[in-house]
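What follows is one structure encoded as structure tokens, with my remarks underneath.
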Amino acid sequence: MNRTQTNIDKVSTPSAVTSANMPAAQSGKPQAAKKQRKKIRFKPNKGGMLALLALILIVAVIVTAIVFLTKGIIQWVNEAKETTTTASTQDPNKPNPLPWNNAYINEQYANTNIPVGDLVLVNFENKYSLADALNSKNSTNLYKYDGYGTHYVLPGSDTRVNNTILQNLIQMVTGLVDADPSGTFKTTTDKLYITGAYRDIALQTTLNGNNPQQYPELPEYTEHHTGLAVDLKIMSNSATVSLRESEYEWLEAHCAEYGFVFRYDASKSALTGIADEPYHLRYVGVPHATYMTEHDLCLEEYLELLRTSHRYDQTPLEITVGDQEYLVYYVAANTADGANFTSVPVPPSSEGTKTISGDNMNGFIVTVTKTAK
């Protein structure tokens with residue numbers, strides 16, 4: 001082999017290199033490049049959380065508002081349907097009823113009248129400031145008055161009652177004696193005995209001091225100071241006896257017709273402060289006596305009912321006696337800053353007549369005798 005051939009052989013014959021020893025880039029099977037994927041993580045900050053919470057609250061408020069608005073619309077639609085239905089069934093020629101006090105007007109009433117009237121409350125808690133105020137102008141002496149000696153007798157020649165009760169008392173006494181439920185007024189010398197009527201402070205002081213068990217009320221704390229109360233017994237054979245059962249039952253059944261109530265029942269002693277006086281009657285007026293009797297209320301309970309449930313700004317108490325209708329309501333006295341007058345709403349004459357009584361505490365009771373229509 002010549003020198004030239006040898007050099008050619010060196011060029012054309014590569015040095016022994018195996019494919020296994022070749023770099024991957026030069027290999028017939030290239031490998032895919034590995035790519036690393038970066039994980040994304042949510043890292044909320046304080047501001048973001050507050051914003052998210054605010055958004056949730058806003059959405060909740062909007063949803064709640066929508067719910068309430070929807071309910072309101074549904075209710076309004078239903079009420080409109082009811083109103084339409086009611087209106088369609090009403091007589092188109094009949095006017096809509098007006099409020100019961102639509103035409104009432106205010107009348108200024110002096111606060112000095114709080115202890116004046118048929119419904120004044122005088123008991124162991126309520127002092128009566130007009131104890132000595134009853135005089136010949138506003139009272140009548142029963143001595144030798146109609147029925148004296150024939151239907152009733154008296155303990156003395158100066159037995160007076162308030163003029164307010166005079167006619168009703170005489171009618172009640174006459175009715176009892178004429179009915180003669182015990183059968184003794186017409187067959188014997190028995191007479192109805194009016195043992196107690198008006199008492200001034202001096203007389204009550206003497207009675208209470210001499211016999212506190214029979215006369216337990218202290219001076220200025222007895223209903224007898226008003227002249228609206230009487231004690232009824234029987235004079236039989238010159239002896240004083242209690243009302244007999246038949247006479248008591250007649251009065252129980254009829255006294256309200258004349259405006260009277262049995263004031264002191266044993267079952268009400270905790271309220272009245274008097275254990276039991278089945279002979280003591282008190283004038284309060286026909287509608288009030290009727291309601292109190294029918295509902296077994298003493299005067300304390302009746303006035304409380306009016307104060308709590310039948311104030312003028314509420315609804316009046318409606319009372320019917322026979323064919324006559326009455327409205328009764330309470331008006332609190334205006335005592336702010338030493339006020340001397342209270343505005344008392346009263347009806348126009350076209351709707352009825354009114355009487356106003358103080359309660360001897362803190363207000364007035366208005367009684368409306370409605371005009372028949």
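Following the order of the structure tokens, chains are lettered A, B, ..., residues in each are numbered from 1, and ligands are numbered from 1.
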
Write out as a list in words the residues lying within 7 Å of Asn141 (chain A), counting only C-alpha atoms and excluding same-chain residues fewer than 2 positions away.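 Contacts, in chain order: Ser139, Tyr143, Asp158, Thr159, Arg160 and Val161 of chain A.
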
Keeping only N, CA and C atoms, write the selected residues as an mmCIF file, in the first residue's frame.
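Generated output (part.cif):
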data_model
loop_
_atom_site.group_PDB
_atom_site.id
_atom_site.type_symbol
_atom_site.label_atom_id
_atom_site.label_comp_id
_atom_site.auth_asym_id
_atom_site.auth_seq_id
_atom_site.Cartn_x
_atom_site.Cartn_y
_atom_site.Cartn_z
ATOM 1 N N SER A 139 -129.264 70.242 98.152
ATOM 2 C CA SER A 139 -129.763 69.071 98.866
ATOM 3 C C SER A 139 -131.208 69.309 99.298
ATOM 4 N N TYR A 143 -137.388 64.966 105.520
ATOM 5 C CA TYR A 143 -138.387 65.058 106.594
ATOM 6 C C TYR A 143 -139.644 65.747 106.054
ATOM 7 N N ASP A 158 -133.605 66.220 110.285
ATOM 8 C CA ASP A 158 -132.671 66.815 109.326
ATOM 9 C C ASP A 158 -131.920 65.690 108.609
ATOM 10 N N THR A 159 -132.624 65.016 107.712
ATOM 11 C CA THR A 159 -132.046 63.916 106.929
ATOM 12 C C THR A 159 -132.078 64.339 105.473
ATOM 13 N N ARG A 160 -130.923 64.695 104.968
ATOM 14 C CA ARG A 160 -130.857 65.277 103.628
ATOM 15 C C ARG A 160 -130.176 64.352 102.628
ATOM 16 N N VAL A 161 -130.529 64.543 101.357
ATOM 17 C CA VAL A 161 -129.856 63.836 100.264
ATOM 18 C C VAL A 161 -129.548 64.839 99.156
#

What's around region 331-338 of chain A at 9 Å? Count only C-alpha atoms, leave out sequence neighbours fewer than 3 positions away in its own chain, and write the answer as a PyMOL selection string. chain A and resi 111+114+307+311-313+341-345+362-366

Store the residues picked out above, limited to N, CA and C atoms, as an mmCIF file, in the first residue's frame.
data_model
loop_
_atom_site.group_PDB
_atom_site.id
_atom_site.type_symbol
_atom_site.label_atom_id
_atom_site.label_comp_id
_atom_site.auth_asym_id
_atom_site.auth_seq_id
_atom_site.Cartn_x
_atom_site.Cartn_y
_atom_site.Cartn_z
ATOM 1 N N ASN A 111 -111.266 72.023 86.300
ATOM 2 C CA ASN A 111 -110.715 70.905 87.065
ATOM 3 C C ASN A 111 -111.232 70.861 88.501
ATOM 4 N N ILE A 114 -113.577 67.883 89.392
ATOM 5 C CA ILE A 114 -113.149 66.486 89.506
ATOM 6 C C ILE A 114 -113.848 65.766 90.663
ATOM 7 N N ARG A 307 -111.281 53.816 82.589
ATOM 8 C CA ARG A 307 -109.961 54.448 82.444
ATOM 9 C C ARG A 307 -109.040 53.671 81.522
ATOM 10 N N ARG A 311 -111.326 55.030 77.039
ATOM 11 C CA ARG A 311 -110.925 56.434 76.983
ATOM 12 C C ARG A 311 -111.476 57.040 75.685
ATOM 13 N N TYR A 312 -111.521 58.353 75.645
ATOM 14 C CA TYR A 312 -112.094 59.007 74.469
ATOM 15 C C TYR A 312 -111.343 58.643 73.188
ATOM 16 N N ASP A 313 -110.011 58.475 73.291
ATOM 17 C CA ASP A 313 -109.233 58.149 72.095
ATOM 18 C C ASP A 313 -109.289 56.660 71.744
ATOM 19 N N PHE A 341 -108.272 74.040 83.536
ATOM 20 C CA PHE A 341 -109.364 73.519 82.720
ATOM 21 C C PHE A 341 -108.899 72.320 81.907
ATOM 22 N N THR A 342 -109.870 71.479 81.556
ATOM 23 C CA THR A 342 -109.631 70.319 80.706
ATOM 24 C C THR A 342 -110.562 70.401 79.505
ATOM 25 N N SER A 343 -110.023 70.121 78.323
ATOM 26 C CA SER A 343 -110.854 70.080 77.122
ATOM 27 C C SER A 343 -111.575 68.732 77.077
ATOM 28 N N VAL A 344 -112.869 68.774 77.262
ATOM 29 C CA VAL A 344 -113.675 67.551 77.289
ATOM 30 C C VAL A 344 -114.496 67.474 76.004
ATOM 31 N N PRO A 345 -114.250 66.474 75.147
ATOM 32 C CA PRO A 345 -115.041 66.334 73.912
ATOM 33 C C PRO A 345 -116.475 65.921 74.235
ATOM 34 N N ASN A 362 -108.647 61.647 88.945
ATOM 35 C CA ASN A 362 -107.829 62.323 87.945
ATOM 36 C C ASN A 362 -108.505 62.478 86.595
ATOM 37 N N GLY A 363 -109.837 62.463 86.571
ATOM 38 C CA GLY A 363 -110.457 62.582 85.266
ATOM 39 C C GLY A 363 -111.956 62.776 85.320
ATOM 40 N N PHE A 364 -112.556 62.696 84.133
ATOM 41 C CA PHE A 364 -113.992 62.913 83.974
ATOM 42 C C PHE A 364 -114.624 61.757 83.202
ATOM 43 N N ILE A 365 -115.860 61.455 83.542
ATOM 44 C CA ILE A 365 -116.637 60.447 82.833
ATOM 45 C C ILE A 365 -117.764 61.158 82.095
ATOM 46 N N VAL A 366 -117.811 60.979 80.781
ATOM 47 C CA VAL A 366 -118.866 61.591 79.972
ATOM 48 C C VAL A 366 -119.890 60.515 79.624
#

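Among the candidate residues A:Met361, A:Leu243, A:Leu121, A:Ile165, the one lying nearest to Thr272 (chain A) is A:Leu121, with distances computed using only C-alpha atoms.
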
In Å, rounded to a single decimal, give me how far CA of Thr367 (chain A) is from CA of Arg282 (chain A).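 If I compute the distance from CA of Arg282 (chain A) to CA of Thr367 (chain A), I get 17.8 Å.
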
Taking 3 positions as the minimum chain separation for residues in the same chain, which residues sit within 6 Å of region 190-195 of chain A when counting only C-alpha atoms? Answer as a PyMOL selection string. chain A and resi 152-155+185+231-236

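Considering only C-alpha atoms, the residue among A:His224, A:Pro348, A:Glu245, A:Val328 positioned nearest to Gly183 (chain A) is A:Glu245.
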
Leaving out region 167-174 of chain A and any residue of its chain fewer than 3 positions from it, which residues lie within 12 Å of it when counting only C-alpha atoms, given as a PDB file with N, CA and C atoms, in the first residue's frame?
ATOM      1  N   SER A 139    -129.264  70.242  98.152  1.00  0.00           N
ATOM      2  CA  SER A 139    -129.763  69.071  98.866  1.00  0.00           C
ATOM      3  C   SER A 139    -131.208  69.309  99.298  1.00  0.00           C
ATOM      4  N   THR A 140    -131.894  68.241  99.653  1.00  0.00           N
ATOM      5  CA  THR A 140    -133.291  68.313 100.091  1.00  0.00           C
ATOM      6  C   THR A 140    -133.470  67.503 101.377  1.00  0.00           C
ATOM      7  N   LEU A 142    -135.482  65.162 103.630  1.00  0.00           N
ATOM      8  CA  LEU A 142    -136.536  64.175 103.417  1.00  0.00           C
ATOM      9  C   LEU A 142    -137.645  64.247 104.462  1.00  0.00           C
ATOM     10  N   TYR A 145    -141.177  65.130 103.431  1.00  0.00           N
ATOM     11  CA  TYR A 145    -141.230  65.158 101.971  1.00  0.00           C
ATOM     12  C   TYR A 145    -142.209  64.069 101.520  1.00  0.00           C
ATOM     13  N   ASP A 146    -142.480  64.003 100.233  1.00  0.00           N
ATOM     14  CA  ASP A 146    -143.419  63.017  99.696  1.00  0.00           C
ATOM     15  C   ASP A 146    -143.070  61.611 100.184  1.00  0.00           C
ATOM     16  N   GLY A 147    -144.009  60.961 100.836  1.00  0.00           N
ATOM     17  CA  GLY A 147    -143.807  59.592 101.292  1.00  0.00           C
ATOM     18  C   GLY A 147    -143.381  59.478 102.730  1.00  0.00           C
ATOM     19  N   TYR A 148    -142.987  60.606 103.335  1.00  0.00           N
ATOM     20  CA  TYR A 148    -142.575  60.531 104.740  1.00  0.00           C
ATOM     21  C   TYR A 148    -143.765  60.148 105.614  1.00  0.00           C
ATOM     22  N   GLY A 149    -143.552  59.154 106.446  1.00  0.00           N
ATOM     23  CA  GLY A 149    -144.618  58.696 107.342  1.00  0.00           C
ATOM     24  C   GLY A 149    -145.489  57.618 106.746  1.00  0.00           C
ATOM     25  N   THR A 150    -145.619  57.590 105.415  1.00  0.00           N
ATOM     26  CA  THR A 150    -146.442  56.561 104.768  1.00  0.00           C
ATOM     27  C   THR A 150    -145.594  55.448 104.157  1.00  0.00           C
ATOM     28  N   HIS A 151    -144.478  55.841 103.549  1.00  0.00           N
ATOM     29  CA  HIS A 151    -143.609  54.848 102.910  1.00  0.00           C
ATOM     30  C   HIS A 151    -142.247  54.723 103.596  1.00  0.00           C
ATOM     31  N   TYR A 152    -141.849  55.733 104.289  1.00  0.00           N
ATOM     32  CA  TYR A 152    -140.550  55.664 104.956  1.00  0.00           C
ATOM     33  C   TYR A 152    -140.558  56.540 106.204  1.00  0.00           C
ATOM     34  N   VAL A 153    -139.625  56.230 107.090  1.00  0.00           N
ATOM     35  CA  VAL A 153    -139.405  57.043 108.288  1.00  0.00           C
ATOM     36  C   VAL A 153    -137.918  57.361 108.370  1.00  0.00           C
ATOM     37  N   ARG A 160    -130.923  64.695 104.968  1.00  0.00           N
ATOM     38  CA  ARG A 160    -130.857  65.277 103.628  1.00  0.00           C
ATOM     39  C   ARG A 160    -130.176  64.352 102.628  1.00  0.00           C
ATOM     40  N   VAL A 161    -130.529  64.543 101.357  1.00  0.00           N
ATOM     41  CA  VAL A 161    -129.856  63.836 100.264  1.00  0.00           C
ATOM     42  C   VAL A 161    -129.548  64.839  99.156  1.00  0.00           C
ATOM     43  N   ASN A 162    -128.617  64.488  98.324  1.00  0.00           N
ATOM     44  CA  ASN A 162    -128.273  65.306  97.168  1.00  0.00           C
ATOM     45  C   ASN A 162    -129.486  65.406  96.239  1.00  0.00           C
ATOM     46  N   ASN A 163    -129.734  66.600  95.734  1.00  0.00           N
ATOM     47  CA  ASN A 163    -130.883  66.787  94.846  1.00  0.00           C
ATOM     48  C   ASN A 163    -130.844  65.864  93.628  1.00  0.00           C
ATOM     49  N   THR A 164    -129.641  65.456  93.235  1.00  0.00           N
ATOM     50  CA  THR A 164    -129.483  64.579  92.076  1.00  0.00           C
ATOM     51  C   THR A 164    -130.268  63.286  92.238  1.00  0.00           C
ATOM     52  N   VAL A 177    -142.131  49.610  98.728  1.00  0.00           N
ATOM     53  CA  VAL A 177    -143.239  49.518  99.695  1.00  0.00           C
ATOM     54  C   VAL A 177    -144.522  49.072  99.005  1.00  0.00           C
ATOM     55  N   ASP A 178    -144.793  49.610  97.816  1.00  0.00           N
ATOM     56  CA  ASP A 178    -146.007  49.224  97.103  1.00  0.00           C
ATOM     57  C   ASP A 178    -145.961  47.754  96.670  1.00  0.00           C
ATOM     58  N   ALA A 179    -144.764  47.290  96.299  1.00  0.00           N
ATOM     59  CA  ALA A 179    -144.631  45.873  95.921  1.00  0.00           C
ATOM     60  C   ALA A 179    -144.814  44.968  97.133  1.00  0.00           C
ATOM     61  N   ASP A 180    -144.416  45.466  98.301  1.00  0.00           N
ATOM     62  CA  ASP A 180    -144.566  44.754  99.579  1.00  0.00           C
ATOM     63  C   ASP A 180    -144.181  43.265  99.459  1.00  0.00           C
ATOM     64  N   PHE A 185    -145.758  45.499 104.910  1.00  0.00           N
ATOM     65  CA  PHE A 185    -145.982  46.941 104.849  1.00  0.00           C
ATOM     66  C   PHE A 185    -147.479  47.281 104.863  1.00  0.00           C
ATOM     67  N   LYS A 191    -142.426  50.070 108.463  1.00  0.00           N
ATOM     68  CA  LYS A 191    -142.076  51.147 107.525  1.00  0.00           C
ATOM     69  C   LYS A 191    -140.630  50.939 107.061  1.00  0.00           C
ATOM     70  N   LEU A 192    -140.369  51.395 105.850  1.00  0.00           N
ATOM     71  CA  LEU A 192    -138.982  51.411 105.387  1.00  0.00           C
ATOM     72  C   LEU A 192    -138.254  52.518 106.135  1.00  0.00           C
ATOM     73  N   TYR A 193    -137.070  52.201 106.630  1.00  0.00           N
ATOM     74  CA  TYR A 193    -136.349  53.124 107.501  1.00  0.00           C
ATOM     75  C   TYR A 193    -135.064  53.585 106.807  1.00  0.00           C
ATOM     76  N   ILE A 194    -134.995  54.861 106.466  1.00  0.00           N
ATOM     77  CA  ILE A 194    -133.771  55.426 105.878  1.00  0.00           C
ATOM     78  C   ILE A 194    -132.886  55.864 107.036  1.00  0.00           C
ATOM     79  N   ALA A 197    -128.107  58.992 105.492  1.00  0.00           N
ATOM     80  CA  ALA A 197    -128.110  59.766 104.254  1.00  0.00           C
ATOM     81  C   ALA A 197    -126.859  60.657 104.276  1.00  0.00           C
ATOM     82  N   GLY A 227    -123.868  62.798  99.747  1.00  0.00           N
ATOM     83  CA  GLY A 227    -125.325  62.868  99.677  1.00  0.00           C
ATOM     84  C   GLY A 227    -125.898  61.938  98.630  1.00  0.00           C
ATOM     85  N   LEU A 228    -125.047  61.055  98.048  1.00  0.00           N
ATOM     86  CA  LEU A 228    -125.484  60.125  97.003  1.00  0.00           C
ATOM     87  C   LEU A 228    -125.761  58.729  97.540  1.00  0.00           C
ATOM     88  N   ALA A 229    -125.566  58.533  98.854  1.00  0.00           N
ATOM     89  CA  ALA A 229    -125.705  57.203  99.444  1.00  0.00           C
ATOM     90  C   ALA A 229    -126.755  57.215 100.545  1.00  0.00           C
ATOM     91  N   VAL A 230    -127.464  56.089 100.678  1.00  0.00           N
ATOM     92  CA  VAL A 230    -128.447  55.928 101.750  1.00  0.00           C
ATOM     93  C   VAL A 230    -128.315  54.527 102.342  1.00  0.00           C
ATOM     94  N   ASP A 231    -128.686  54.416 103.602  1.00  0.00           N
ATOM     95  CA  ASP A 231    -128.756  53.118 104.273  1.00  0.00           C
ATOM     96  C   ASP A 231    -130.221  52.794 104.517  1.00  0.00           C
ATOM     97  N   LEU A 232    -130.646  51.597 104.101  1.00  0.00           N
ATOM     98  CA  LEU A 232    -132.048  51.204 104.206  1.00  0.00           C
ATOM     99  C   LEU A 232    -132.213  50.020 105.151  1.00  0.00           C
ATOM    100  N   LYS A 233    -133.125  50.170 106.098  1.00  0.00           N
ATOM    101  CA  LYS A 233    -133.486  49.091 107.003  1.00  0.00           C
ATOM    102  C   LYS A 233    -135.003  49.108 107.186  1.00  0.00           C
ATOM    103  N   ILE A 234    -135.492  48.388 108.173  1.00  0.00           N
ATOM    104  CA  ILE A 234    -136.932  48.311 108.424  1.00  0.00           C
ATOM    105  C   ILE A 234    -137.207  48.731 109.863  1.00  0.00           C
ATOM    106  N   GLU A 247    -137.352  41.534 100.575  1.00  0.00           N
ATOM    107  CA  GLU A 247    -137.156  42.964 100.300  1.00  0.00           C
ATOM    108  C   GLU A 247    -135.779  43.203  99.678  1.00  0.00           C
ATOM    109  N   TRP A 250    -135.922  42.086  96.119  1.00  0.00           N
ATOM    110  CA  TRP A 250    -136.621  43.054  95.252  1.00  0.00           C
ATOM    111  C   TRP A 250    -135.687  44.184  94.875  1.00  0.00           C
ATOM    112  N   LEU A 251    -134.948  44.676  95.844  1.00  0.00           N
ATOM    113  CA  LEU A 251    -134.004  45.767  95.562  1.00  0.00           C
ATOM    114  C   LEU A 251    -132.884  45.305  94.631  1.00  0.00           C
ATOM    115  N   GLU A 252    -132.396  44.108  94.827  1.00  0.00           N
ATOM    116  CA  GLU A 252    -131.364  43.583  93.926  1.00  0.00           C
ATOM    117  C   GLU A 252    -131.854  43.550  92.487  1.00  0.00           C
ATOM    118  N   ALA A 253    -133.110  43.185  92.319  1.00  0.00           N
ATOM    119  CA  ALA A 253    -133.678  43.050  90.979  1.00  0.00           C
ATOM    120  C   ALA A 253    -134.055  44.384  90.349  1.00  0.00           C
ATOM    121  N   HIS A 254    -134.336  45.409  91.169  1.00  0.00           N
ATOM    122  CA  HIS A 254    -134.902  46.650  90.629  1.00  0.00           C
ATOM    123  C   HIS A 254    -134.108  47.922  90.910  1.00  0.00           C
ATOM    124  N   CYS A 255    -133.160  47.900  91.841  1.00  0.00           N
ATOM    125  CA  CYS A 255    -132.518  49.167  92.214  1.00  0.00           C
ATOM    126  C   CYS A 255    -131.799  49.836  91.048  1.00  0.00           C
ATOM    127  N   ALA A 256    -131.238  49.049  90.110  1.00  0.00           N
ATOM    128  CA  ALA A 256    -130.547  49.638  88.966  1.00  0.00           C
ATOM    129  C   ALA A 256    -131.494  50.439  88.084  1.00  0.00           C
ATOM    130  N   GLU A 257    -132.776  50.075  88.090  1.00  0.00           N
ATOM    131  CA  GLU A 257    -133.764  50.811  87.297  1.00  0.00           C
ATOM    132  C   GLU A 257    -133.889  52.261  87.782  1.00  0.00           C
ATOM    133  N   TYR A 258    -133.517  52.481  89.031  1.00  0.00           N
ATOM    134  CA  TYR A 258    -133.580  53.822  89.611  1.00  0.00           C
ATOM    135  C   TYR A 258    -132.179  54.450  89.749  1.00  0.00           C
ATOM    136  N   GLY A 259    -131.166  53.746  89.228  1.00  0.00           N
ATOM    137  CA  GLY A 259    -129.809  54.297  89.239  1.00  0.00           C
ATOM    138  C   GLY A 259    -128.987  53.934  90.456  1.00  0.00           C
ATOM    139  N   PHE A 260    -129.438  52.985  91.263  1.00  0.00           N
ATOM    140  CA  PHE A 260    -128.739  52.624  92.492  1.00  0.00           C
ATOM    141  C   PHE A 260    -128.051  51.258  92.366  1.00  0.00           C
ATOM    142  N   VAL A 261    -126.988  51.075  93.150  1.00  0.00           N
ATOM    143  CA  VAL A 261    -126.309  49.785  93.264  1.00  0.00           C
ATOM    144  C   VAL A 261    -126.048  49.502  94.738  1.00  0.00           C
ATOM    145  N   LEU A 281    -126.861  51.597  99.829  1.00  0.00           N
ATOM    146  CA  LEU A 281    -127.054  51.764  98.390  1.00  0.00           C
ATOM    147  C   LEU A 281    -126.467  53.092  97.948  1.00  0.00           C
ATOM    148  N   ARG A 282    -125.939  53.097  96.739  1.00  0.00           N
ATOM    149  CA  ARG A 282    -125.278  54.289  96.207  1.00  0.00           C
ATOM    150  C   ARG A 282    -125.845  54.603  94.832  1.00  0.00           C
ATOM    151  N   TYR A 283    -126.151  55.873  94.628  1.00  0.00           N
ATOM    152  CA  TYR A 283    -126.653  56.315  93.333  1.00  0.00           C
ATOM    153  C   TYR A 283    -125.475  56.575  92.384  1.00  0.00           C
ATOM    154  N   VAL A 284    -125.540  55.999  91.163  1.00  0.00           N
ATOM    155  CA  VAL A 284    -124.515  56.239  90.137  1.00  0.00           C
ATOM    156  C   VAL A 284    -125.140  56.622  88.798  1.00  0.00           C
ATOM    157  N   GLY A 285    -126.448  56.498  88.674  1.00  0.00           N
ATOM    158  CA  GLY A 285    -127.119  56.775  87.407  1.00  0.00           C
ATOM    159  C   GLY A 285    -127.560  55.477  86.748  1.00  0.00           C
ATOM    160  N   VAL A 286    -128.657  55.529  86.008  1.00  0.00           N
ATOM    161  CA  VAL A 286    -129.278  54.328  85.451  1.00  0.00           C
ATOM    162  C   VAL A 286    -128.355  53.521  84.538  1.00  0.00           C
TER     163      VAL A 286
END

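Counting only C-alpha atoms and comparing A:Ser309, A:Thr226, A:Gln108, A:Thr353, the residue that lies closest to Ser129 (chain A) is A:Thr226.
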
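Using only C-alpha atoms for every distance, the candidate list A:Thr189, A:Ser269, A:His288, A:Ile74 yields A:Thr189 as the residue closest to Ala239 (chain A).
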
Would you give me, as a PyMOL selection string, the residues in region 159-310 of chain A that DSSP reads as strand (DSSP E)? chain A and resi 160-162+191-196+229-236+239-241+260-264+277-283

What's around Leu218 (chain A) at 9 Å? Count only C-alpha atoms, leave out sequence neighbours fewer than 5 positions away in its own chain, and write the answer as a PyMOL selection string. chain A and resi 124+204-205+208-209+212

For the atom pair CA of Ala103 (chain A) and CA of Val116 (chain A), what is the interatomic distance in Å to one decimal place?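 Spanning CA of Ala103 (chain A) to CA of Val116 (chain A) is a straight-line distance of 26.5 Å.
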
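Our summary of the geometry notes that CA of Glu301 (chain A) is positioned 29.1 Å from CA of Leu203 (chain A).
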
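DSSP, applied to the backbone of this structure, assigns alpha helix (DSSP H) to the following residues of region 127-186 of chain A: A:Leu166, A:Gln167, A:Asn168, A:Leu169, A:Ile170, A:Gln171, A:Met172, A:Val173, A:Thr174, A:Gly175, A:Leu176, A:Val177, A:Asp178, A:Ala179.
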
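Of the listed residues (A:Asn102, A:Asn126, A:Ser182, A:Thr290), A:Thr290 comes nearest to Glu318 (chain A); the distances count only C-alpha atoms.
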